[in-house]
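To start, the structure under review is shown below, and the notes come after it.
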Amino acid sequence: MSNVWRRHRGWITPAIFILPAIVLFGVVIVASSLQSVWISLHEWDGFGPMQWIGLGNYEELFADPQFYTSLKNNVIWLVIFMLAPPLGLGIALLVNQQIKGMRIVKSLFFVPLVLASVAVGVVFTWVYTPQFGLLALLFSAFGASAPALLSDENLVTFAVVFAALWPQIAFCMVLYLAGLNSLSEDLIGAGRVDGARGWNMLRHVVLPQLTQVSFIAIAITAIGALRSFDMISVMTQGGPFGSSSVLAYQMYEQSIFSYRFGYGAAIATILFLIMLVFIVWYLNRIMRAEDRSA
Amino acid sequence: MYPRPIPQTAVGLRRAYMVLVIAILVLWLAPLFAILLTSARSTSDIAAGNLWGWPTQFGLIDNYVGVFTQTPMARFFANSLLITVPAVVFVLALSTLAGFVLSKYPFRGSMLVFAIFIGGNFLPAQIMMIPVRDLMVRLGLYDTTWALIVFHTAFQTGFATLFMRNFIAALPKELFEAARAEGASPTQILIHVVLPLVRPALAALAILLFTFIWNDYFWAVVLTLSDTVKPVTAGLANLRGQYVSAWNVISAATVIVAVPPVAMFFLMQRHFIAGLTMGAVKG
């Protein structure tokens, strides 16, 4: 017995160590995700038996005008969110000075990042409140009255995305500040000797050293844009009339409020397929970097 | 350094720079000031529409006391702690073990496991929502704090394992070789070599996980129903529905939701930033 143990403990103990993580992650995250794809091929109210309908949910989805509204809003989120990396870089460049007091200034710029998105949603709902909010105050200073952003079908998505951009910019700024602090002094010095300054220096000497940071900032921002749910739920609940919904919110609404679990699972599957493009792109680069370092 | 440091001697330039930075900072944080100011206003001022003028009376203490006595916010706050703290502890334990194995005892398929841990982290929550909810109902955990503890532990283990694996992989190889040469078992290596060295990583990871789990809203609304188990994020969304125009109360509640992660951040800032940027700057 003890002989067998001694011969095999080299792999048995590690196997026991990693098993809880693999089982828990495998059952709760991986198996659940796959199961959703299976559920999407059924009609199901969440209680009774599931009824197989093949691609029925998808056919219905592709004929549903709300699906296209949500999809369009997802694209708007994605496009506007792409402002976060350059703006984050901008603030990082602004505050990357070693002057007394800059440490606390930097920390204050980080604050939106640690706020709960629900809190950010409430804060901006207050900012946008017609007549009383901060925006109304700003408009009235110019003698104008602020539009009711959250009840205007054409503006509502932009208003929510703008609010969500706030913590995202802070996130990109944190990444870029770390990147700026690990720049090669030699290359910067050589650039200065060659007379590179300002924009030229940034474009040809600094940014090429920040490609890895930029890649991570862009990939995580894209995935974050597609995952948006909290802010929409808190600020508009998809309204008015579904005009600010996105796939993530539409899925939740169909499942939890309308008990259409099969249909909801189909929406989730489509969202998953769209995000898969970004996830695979990200994983591919990370794993290749892993191979190089190994 | 880029941009070029502003020299110590250029006093005027330095002053102008600080003025610019602070002006932008004030704009940047204006929404937060608005909420903080509103949380100090009295109900009569709010009712009279006096939201930005000088307050006729201060409601700071009334509002915060009111949030705790007239709403279930105290309960929500306790629930958030009861969910977040155990989940963080469980994740730290699981990911240290898994990260140790993935970095020091590679096996066939270990890279695949690693890739799944990373990729799973970026999945949209909705793709697992229905089966996870169903699983919690069948386990009898739905609408208990354990539903959220179990889910967050599972989900965050993906990211945390990536984190711990990279940290342990970067530790000096000689230590492990020496331990093995002396015939130390994996358990002994874990206890005597790994654990003493990973403390800074655990600190950084703990504060990140605390923030992620505390701030979660989606799973809170999917897996809980009753006020007795709801965390602060879902609770705040509820209060918004009940106190529609009582912006002073809502603002105070928002501040209460925001304080723990912000306080954690300021207390352990270095760890937080190090954790967040890990991996981003190398290569």
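Residues are named by chain letter and number: chains run A, B, ... in the order of the structure tokens, numbers start at 1 in each chain, and ligands are numbered from 1 in the order shown.
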What are the closest atom pairs, with distances in Å to one decimal, for all residues of chain B lying within 6 Å of chain A? Consider only C-alpha atoms, order rows by chain and residue number, and present the result as JSON lines.
```
{"residue": "B:Pro5", "atom": "CA", "partner": "A:Gln97", "partner_atom": "CA", "distance": 5.9}
{"residue": "B:Leu94", "atom": "CA", "partner": "A:Ala21", "partner_atom": "CA", "distance": 5.7}
{"residue": "B:Leu97", "atom": "CA", "partner": "A:Phe17", "partner_atom": "CA", "distance": 5.3}
{"residue": "B:Ala98", "atom": "CA", "partner": "A:Ile18", "partner_atom": "CA", "distance": 4.4}
{"residue": "B:Val101", "atom": "CA", "partner": "A:Pro14", "partner_atom": "CA", "distance": 5.7}
{"residue": "B:Pro124", "atom": "CA", "partner": "A:Arg227", "partner_atom": "CA", "distance": 5.7}
{"residue": "B:Gln126", "atom": "CA", "partner": "A:Ala268", "partner_atom": "CA", "distance": 5.5}
{"residue": "B:Ile127", "atom": "CA", "partner": "A:Ala268", "partner_atom": "CA", "distance": 4.9}
{"residue": "B:Met128", "atom": "CA", "partner": "A:Ser33", "partner_atom": "CA", "distance": 4.5}
{"residue": "B:Pro131", "atom": "CA", "partner": "A:Ser32", "partner_atom": "CA", "distance": 5.2}
{"residue": "B:Ala154", "atom": "CA", "partner": "A:Phe25", "partner_atom": "CA", "distance": 5.0}
{"residue": "B:Asn215", "atom": "CA", "partner": "A:Ala116", "partner_atom": "CA", "distance": 4.4}
{"residue": "B:Thr254", "atom": "CA", "partner": "A:Ala119", "partner_atom": "CA", "distance": 5.6}
{"residue": "B:Ala258", "atom": "CA", "partner": "A:Leu115", "partner_atom": "CA", "distance": 5.6}
{"residue": "B:Thr277", "atom": "CA", "partner": "A:Leu175", "partner_atom": "CA", "distance": 5.7}
{"residue": "B:Ala280", "atom": "CA", "partner": "A:Val213", "partner_atom": "CA", "distance": 5.3}
{"residue": "B:Val281", "atom": "CA", "partner": "A:Gly179", "partner_atom": "CA", "distance": 5.5}
```
Members of segment 50-209 of chain B assigned alpha helix (DSSP H) by DSSP, as number ranges by chain: B: 60-70, 73-104, 110-120, 126-138, 145-169, 173-181, 186-189, 195-197, 199-209
Would you mind listing what lies within 12 Å of Leu155 of chain A as a compact mmCIF listing (two decimals) with N, CA and C atoms, in the first residue's frame, with only C-alpha atoms counted and same-chain residues fewer than 5 positions away left out?
```txt
# COMPACT_ATOMS: atom_id res chain seq x y z
N ASN A 73 -27.96 48.24 -31.00
CA ASN A 73 -27.45 48.88 -29.79
C ASN A 73 -26.14 48.26 -29.34
N ILE A 76 -23.58 49.92 -31.33
CA ILE A 76 -23.32 51.28 -30.84
C ILE A 76 -22.41 51.24 -29.61
N TYR A 128 -28.65 62.90 -15.34
CA TYR A 128 -29.51 63.12 -16.51
C TYR A 128 -30.94 63.54 -16.16
N PRO A 147 -32.35 68.06 -22.75
CA PRO A 147 -33.28 67.05 -23.24
C PRO A 147 -33.43 65.93 -22.21
N ALA A 148 -34.59 65.29 -22.19
CA ALA A 148 -34.81 64.16 -21.28
C ALA A 148 -34.18 62.93 -21.92
N LEU A 149 -32.88 62.80 -21.72
CA LEU A 149 -32.10 61.80 -22.46
C LEU A 149 -32.66 60.39 -22.31
N LEU A 150 -33.03 60.02 -21.09
CA LEU A 150 -33.38 58.62 -20.85
C LEU A 150 -34.79 58.27 -21.33
N VAL A 160 -26.67 56.12 -22.05
CA VAL A 160 -26.24 55.02 -21.18
C VAL A 160 -24.78 54.64 -21.49
N VAL A 161 -24.43 54.57 -22.77
CA VAL A 161 -23.06 54.21 -23.13
C VAL A 161 -22.08 55.24 -22.59
N PHE A 162 -22.47 56.49 -22.69
CA PHE A 162 -21.59 57.55 -22.21
C PHE A 162 -21.29 57.36 -20.72
N THR A 236 -32.54 52.22 -17.55
CA THR A 236 -33.69 52.30 -18.48
C THR A 236 -34.54 51.05 -18.53
N GLY A 239 -35.85 50.40 -21.88
CA GLY A 239 -36.84 51.31 -22.47
C GLY A 239 -36.23 52.59 -22.98
N PRO A 240 -37.02 53.52 -23.48
CA PRO A 240 -38.46 53.37 -23.70
C PRO A 240 -38.77 52.40 -24.84
N SER A 243 -36.08 50.43 -26.78
CA SER A 243 -35.14 51.13 -27.67
C SER A 243 -33.71 51.14 -27.13
N SER A 244 -33.51 50.87 -25.84
CA SER A 244 -32.13 50.87 -25.35
C SER A 244 -31.68 49.46 -24.95
```
Point-to-point distance from atom CA of Val85 of chain B to atom CA of Thr221 of chain A, Å rounded to tenths: 27.9 Å
What residues in segment 38-179 of chain A get the DSSP label strand (DSSP E)? Please answer as a PDB file with C-alpha atoms, in the first residue's frame.
```pdb
ATOM      1  CA  HIS A  42     -36.405  23.786 -27.114  1.00  0.00           C
ATOM      2  CA  GLU A  43     -39.581  25.533 -26.085  1.00  0.00           C
ATOM      3  CA  GLN A  51     -40.235  20.486 -26.001  1.00  0.00           C
ATOM      4  CA  TRP A  52     -37.855  20.054 -28.944  1.00  0.00           C
TER       5      TRP A  52
END
```
Point-to-point distance in Å for atom CA of Leu162 of chain B and atom CA of Gly120 of chain B: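 Calculated distance between atom CA of Gly120 of chain B and atom CA of Leu162 of chain B is 11.3 Å.
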Nearest to Trp247 of chain B by atom-to-atom distance, counting only C-alpha atoms, from B:Gly99, B:Pro55, B:Gly275, B:Gly49: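 Comparing B:Gly99, B:Pro55, B:Gly275, B:Gly49 against Trp247 of chain B, the winner is B:Gly49.
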Closest of A:Trp5, A:Trp38, A:Trp77, A:Tyr68 to Ala225 of chain A - atom-to-atom distances counting only C-alpha atoms: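 Of A:Trp5, A:Trp38, A:Trp77, A:Tyr68, the one nearest Ala225 of chain A, counting only C-alpha atoms, is A:Trp77.
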Length of the atom CA of Leu29 of chain B to atom CA of Gly241 of chain B vector [Å]: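 Computing the Euclidean distance for atom CA of Leu29 of chain B and atom CA of Gly241 of chain B yields 25.6 Å.
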